[in-house]
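Participant: The following block contains the structure, expressed as structure tokens.
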Amino acid sequence: MTVREMHSRDLPALETLDAELFGADAWPVATWWAELAERPRREYVVVEDEGGILAYGGLDHGGETADVMTIAVAPTARGRGLGRTVLAELERRASAGGASGALLEVRADNAAALALYEKSGWRQVHVRRRYYQPGDVDALIMAKTLAAEEHSS
Ligand SMILES: CC(C)(COP(=O)(O)OP(=O)(O)OC[C@H]1O[C@@H](n2cnc3c(N)ncnc32)[C@H](O)[C@@H]1OP(=O)(O)O)[C@@H](O)C(=O)NCCC(=O)NCCS
């Protein structure tokens, strides 16, 4: 299993996986292209094995505070620590990019993601009431202080 940067050649596989995982909230392929075009401000990674992409995630390097843009694990690969692996990789890259903290946003009804974040040391700092429509689901803003890391360059 390898963790590596996402490339444009990954986009057809990612578009399919993203649609399977996020349904109506999935990013259109144009959004993926736009996100990759924003490198190095944006940084996306994938986890793959010989069968293809198992998990992916991405980051916005915003200076002091980085934002986790997305994180997802293929349904067949869940519960094996890949979510934790991707999140730790994003935290490491955020820190290497100079951030001292990171933020993310999660639906309040996403138990799996909340468990992953809480067990990885993230804490809720804000609630956006009824942010997700339809459904009146709150958005939880979570934060984590990152350990200082030497810049990779
Ligand atoms: C959220 C998600 C990324 C978790 O990925 P995963 O690879 O299954 O998670 P991990 O195996 O790394 O688990 C990390 C921790 O979270 C816990 N966890 C994961 N899924 C859980 C669930 N459904 N219920 C309760 N706890 C869960 C695990 O028990 C683990 O803790 P432990 O090591 O103490 O047991 C995955 O469910 C997913 O892709 N969901 C759909 C996309 C999504 O919602 N992304 C987040 C958007 S904010």
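Scheme for the structure tokens: letters A, B, ... for chains in order shown; per-chain residue numbers from 1; ligand numbers from 1 in order shown.
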Please build the interface table for chain A against ligand 1 with a cut-off of 9 Å, listing for each qualifying residue the nearest atom pair and the distance in Å to one decimal; count only C-alpha atoms and all ligand atoms, order rows by chain and increasing number, and write it as a Markdown table.
Facilitator:
| residue | atom | partner | partner_atom_place_in_ligand_line | distance |
| --- | --- | --- | --- | --- |
| A:Asp18 | CA | ligand 1 | 42 (C) | 8.6 |
| A:Leu21 | CA | ligand 1 | 41 (C) | 5.7 |
| A:Phe22 | CA | ligand 1 | 42 (C) | 6.7 |
| A:Ala55 | CA | ligand 1 | 39 (O) | 7.5 |
| A:Tyr56 | CA | ligand 1 | 39 (O) | 8.7 |
| A:Gly57 | CA | ligand 1 | 3 (C) | 8.9 |
| A:Val68 | CA | ligand 1 | 48 (S) | 8.6 |
| A:Met69 | CA | ligand 1 | 48 (S) | 8.4 |
| A:Thr70 | CA | ligand 1 | 47 (C) | 6.0 |
| A:Ile71 | CA | ligand 1 | 45 (N) | 5.0 |
| A:Ala72 | CA | ligand 1 | 39 (O) | 3.4 |
| A:Val73 | CA | ligand 1 | 39 (O) | 3.7 |
| A:Ala74 | CA | ligand 1 | 39 (O) | 6.1 |
| A:Pro75 | CA | ligand 1 | 39 (O) | 6.8 |
| A:Ala77 | CA | ligand 1 | 7 (O) | 6.6 |
| A:Arg78 | CA | ligand 1 | 8 (O) | 3.4 |
| A:Gly79 | CA | ligand 1 | 11 (O) | 3.3 |
| A:Arg80 | CA | ligand 1 | 11 (O) | 4.2 |
| A:Gly81 | CA | ligand 1 | 12 (O) | 3.1 |
| A:Leu82 | CA | ligand 1 | 7 (O) | 4.0 |
| A:Gly83 | CA | ligand 1 | 7 (O) | 3.6 |
| A:Arg84 | CA | ligand 1 | 12 (O) | 3.8 |
| A:Thr85 | CA | ligand 1 | 12 (O) | 6.4 |
| A:Val86 | CA | ligand 1 | 12 (O) | 8.1 |
| A:Leu87 | CA | ligand 1 | 12 (O) | 8.4 |
| A:Leu104 | CA | ligand 1 | 48 (S) | 7.4 |
| A:Glu105 | CA | ligand 1 | 48 (S) | 6.1 |
| A:Val106 | CA | ligand 1 | 48 (S) | 4.2 |
| A:Arg107 | CA | ligand 1 | 48 (S) | 6.6 |
| A:Asn110 | CA | ligand 1 | 44 (O) | 6.2 |
| A:Ala111 | CA | ligand 1 | 24 (N) | 5.6 |
| A:Ala112 | CA | ligand 1 | 22 (C) | 3.6 |
| A:Ala113 | CA | ligand 1 | 1 (C) | 3.6 |
| A:Leu114 | CA | ligand 1 | 1 (C) | 7.3 |
| A:Ala115 | CA | ligand 1 | 16 (O) | 4.5 |
| A:Leu116 | CA | ligand 1 | 16 (O) | 3.5 |
| A:Tyr117 | CA | ligand 1 | 16 (O) | 7.2 |
| A:Glu118 | CA | ligand 1 | 16 (O) | 8.1 |
| A:Lys119 | CA | ligand 1 | 31 (O) | 6.2 |
| A:Ser120 | CA | ligand 1 | 15 (C) | 7.7 |
Participant: For A:Asp138, work out the shell of residues within 10 Å, counting only C-alpha atoms and skipping chain neighbours fewer than 2 positions away, then give it as a ChimeraX atom specification.
Facilitator: /A:106-109,127-133,135-136,140-141
Participant: Just the number, please: distance in Å from atom CA of A:Gly52 to atom CA of A:Thr2, one decimal.
Facilitator: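 It comes out at 10.3 Å.
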Participant: Rank nothing, just name the residue among A:Pro134, A:Val3, A:Asp67, A:Ala148 nearest to A:Asp25, using only C-alpha atoms.
Facilitator: A:Pro134
Participant: Name the residues in contact with A:Leu11 at a cut-off of 10 Å, using only C-alpha atoms, excluding same-chain residues fewer than 6 positions from it; report them as a count of residues only.
Facilitator: 7
Participant: Please list as a list in words every residue within 12 Å of A:Glu38, counting only C-alpha atoms and excluding residues in the same chain fewer than 6 positions away.
Facilitator: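 In the requested format, the answer is Thr31, Trp32, Tyr44, Gly58, Leu59, Asp60 and His61 of chain A.
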Participant: Restricting the output to N, CA, C and O atoms, write the selected residues as a short mmCIF file (atom, residue, chain, number, x, y, z; two decimals), in the first residue's frame.
Facilitator:
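To be explicit, this is the file written out as result02.cif:
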data_model
loop_
_atom_site.label_atom_id
_atom_site.label_comp_id
_atom_site.auth_asym_id
_atom_site.auth_seq_id
_atom_site.Cartn_x
_atom_site.Cartn_y
_atom_site.Cartn_z
N THR A 31 -14.54 20.29 -10.83
CA THR A 31 -14.06 20.75 -9.52
C THR A 31 -12.75 20.08 -9.17
O THR A 31 -11.82 20.72 -8.66
N TRP A 32 -12.64 18.78 -9.47
CA TRP A 32 -11.37 18.09 -9.22
C TRP A 32 -10.23 18.72 -10.01
O TRP A 32 -9.14 18.94 -9.49
N TYR A 44 -3.43 17.24 -2.53
CA TYR A 44 -4.28 16.05 -2.43
C TYR A 44 -3.43 14.79 -2.45
O TYR A 44 -2.42 14.73 -3.16
N GLY A 58 -7.58 15.73 0.97
CA GLY A 58 -6.94 16.94 0.47
C GLY A 58 -6.96 18.06 1.47
O GLY A 58 -7.72 18.05 2.45
N LEU A 59 -6.12 19.02 1.18
CA LEU A 59 -5.76 20.07 2.12
C LEU A 59 -5.69 21.40 1.39
O LEU A 59 -5.28 21.47 0.24
N ASP A 60 -6.08 22.46 2.08
CA ASP A 60 -5.82 23.82 1.62
C ASP A 60 -4.79 24.43 2.56
O ASP A 60 -5.04 24.55 3.77
N HIS A 61 -3.64 24.78 2.00
CA HIS A 61 -2.61 25.43 2.81
C HIS A 61 -2.93 26.92 2.89
O HIS A 61 -2.79 27.65 1.92
#
Participant: Please extract the residues of chain A with a backbone DSSP assignment of helix (DSSP H, G or I) and present them as a PDB file with C-alpha atoms, in the first residue's frame.
Facilitator:
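Output file states.pdb follows:
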ATOM      1  CA  SER A   8      -4.590  14.255 -12.921  1.00  0.00           C
ATOM      2  CA  ARG A   9      -4.504  10.702 -14.286  1.00  0.00           C
ATOM      3  CA  ASP A  10      -6.270   9.625 -11.058  1.00  0.00           C
ATOM      4  CA  LEU A  11      -9.294  11.817 -11.773  1.00  0.00           C
ATOM      5  CA  PRO A  12     -11.452   9.299 -13.714  1.00  0.00           C
ATOM      6  CA  ALA A  13     -11.160   6.776 -10.842  1.00  0.00           C
ATOM      7  CA  LEU A  14     -11.685   9.495  -8.246  1.00  0.00           C
ATOM      8  CA  GLU A  15     -14.761  10.882  -9.933  1.00  0.00           C
ATOM      9  CA  THR A  16     -16.350   7.407  -9.819  1.00  0.00           C
ATOM     10  CA  LEU A  17     -15.381   6.791  -6.190  1.00  0.00           C
ATOM     11  CA  ASP A  18     -16.445  10.268  -5.070  1.00  0.00           C
ATOM     12  CA  ALA A  19     -19.882   9.836  -6.678  1.00  0.00           C
ATOM     13  CA  GLU A  20     -20.278   6.454  -4.960  1.00  0.00           C
ATOM     14  CA  LEU A  21     -19.329   7.929  -1.568  1.00  0.00           C
ATOM     15  CA  PHE A  22     -20.942  11.367  -1.598  1.00  0.00           C
ATOM     16  CA  GLY A  23     -23.872  10.971  -4.041  1.00  0.00           C
ATOM     17  CA  ALA A  24     -25.433  14.348  -4.825  1.00  0.00           C
ATOM     18  CA  ASP A  25     -22.665  16.096  -2.830  1.00  0.00           C
ATOM     19  CA  VAL A  29     -14.826  16.346 -12.419  1.00  0.00           C
ATOM     20  CA  ALA A  30     -14.421  20.059 -13.247  1.00  0.00           C
ATOM     21  CA  THR A  31     -14.063  20.750  -9.520  1.00  0.00           C
ATOM     22  CA  TRP A  32     -11.372  18.086  -9.216  1.00  0.00           C
ATOM     23  CA  TRP A  33      -9.474  19.652 -12.115  1.00  0.00           C
ATOM     24  CA  ALA A  34      -9.821  23.080 -10.507  1.00  0.00           C
ATOM     25  CA  GLU A  35      -8.591  21.752  -7.157  1.00  0.00           C
ATOM     26  CA  LEU A  36      -5.503  20.156  -8.739  1.00  0.00           C
ATOM     27  CA  ALA A  37      -4.860  23.369 -10.678  1.00  0.00           C
ATOM     28  CA  PRO A  75     -16.509   1.252   1.376  1.00  0.00           C
ATOM     29  CA  THR A  76     -14.664  -2.062   0.973  1.00  0.00           C
ATOM     30  CA  ALA A  77     -11.512  -0.645   2.621  1.00  0.00           C
ATOM     31  CA  LEU A  82      -6.949   4.089   6.193  1.00  0.00           C
ATOM     32  CA  GLY A  83      -9.010   7.098   7.260  1.00  0.00           C
ATOM     33  CA  ARG A  84      -6.590   7.633  10.113  1.00  0.00           C
ATOM     34  CA  THR A  85      -3.635   7.201   7.719  1.00  0.00           C
ATOM     35  CA  VAL A  86      -4.952   9.821   5.288  1.00  0.00           C
ATOM     36  CA  LEU A  87      -5.790  12.264   8.081  1.00  0.00           C
ATOM     37  CA  ALA A  88      -2.347  11.865   9.667  1.00  0.00           C
ATOM     38  CA  GLU A  89      -0.719  12.402   6.264  1.00  0.00           C
ATOM     39  CA  LEU A  90      -2.714  15.609   5.737  1.00  0.00           C
ATOM     40  CA  GLU A  91      -1.798  16.829   9.230  1.00  0.00           C
ATOM     41  CA  ARG A  92       1.871  16.093   8.535  1.00  0.00           C
ATOM     42  CA  ARG A  93       1.777  17.937   5.214  1.00  0.00           C
ATOM     43  CA  ALA A  94      -0.085  20.884   6.767  1.00  0.00           C
ATOM     44  CA  SER A  95       2.539  21.148   9.455  1.00  0.00           C
ATOM     45  CA  ALA A  96       5.365  20.814   6.912  1.00  0.00           C
ATOM     46  CA  ALA A 111     -20.751   9.198  13.112  1.00  0.00           C
ATOM     47  CA  ALA A 112     -17.858   7.476  11.355  1.00  0.00           C
ATOM     48  CA  ALA A 113     -16.094  10.740  10.490  1.00  0.00           C
ATOM     49  CA  LEU A 114     -16.701  12.174  13.969  1.00  0.00           C
ATOM     50  CA  ALA A 115     -15.198   9.056  15.547  1.00  0.00           C
ATOM     51  CA  LEU A 116     -12.161   9.311  13.280  1.00  0.00           C
ATOM     52  CA  TYR A 117     -11.608  12.996  14.066  1.00  0.00           C
ATOM     53  CA  GLU A 118     -12.194  12.765  17.806  1.00  0.00           C
ATOM     54  CA  LYS A 119      -9.888   9.756  18.116  1.00  0.00           C
TER      55      LYS A 119
END
Participant: Taking into account only C-alpha atoms, which residue in the set A:Ile53, A:Lys144, A:Pro28, A:Ala102 is nearest to A:His7?
Facilitator: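 For A:His7, the nearest of the candidates is A:Ile53.
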Participant: Could you tell me how far atom CA of A:Ala99 sits from atom CA of A:Gly62, in Å to one decimal place?
Facilitator: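 Going from atom CA of A:Gly62 over to atom CA of A:Ala99, I get 7.6 Å.
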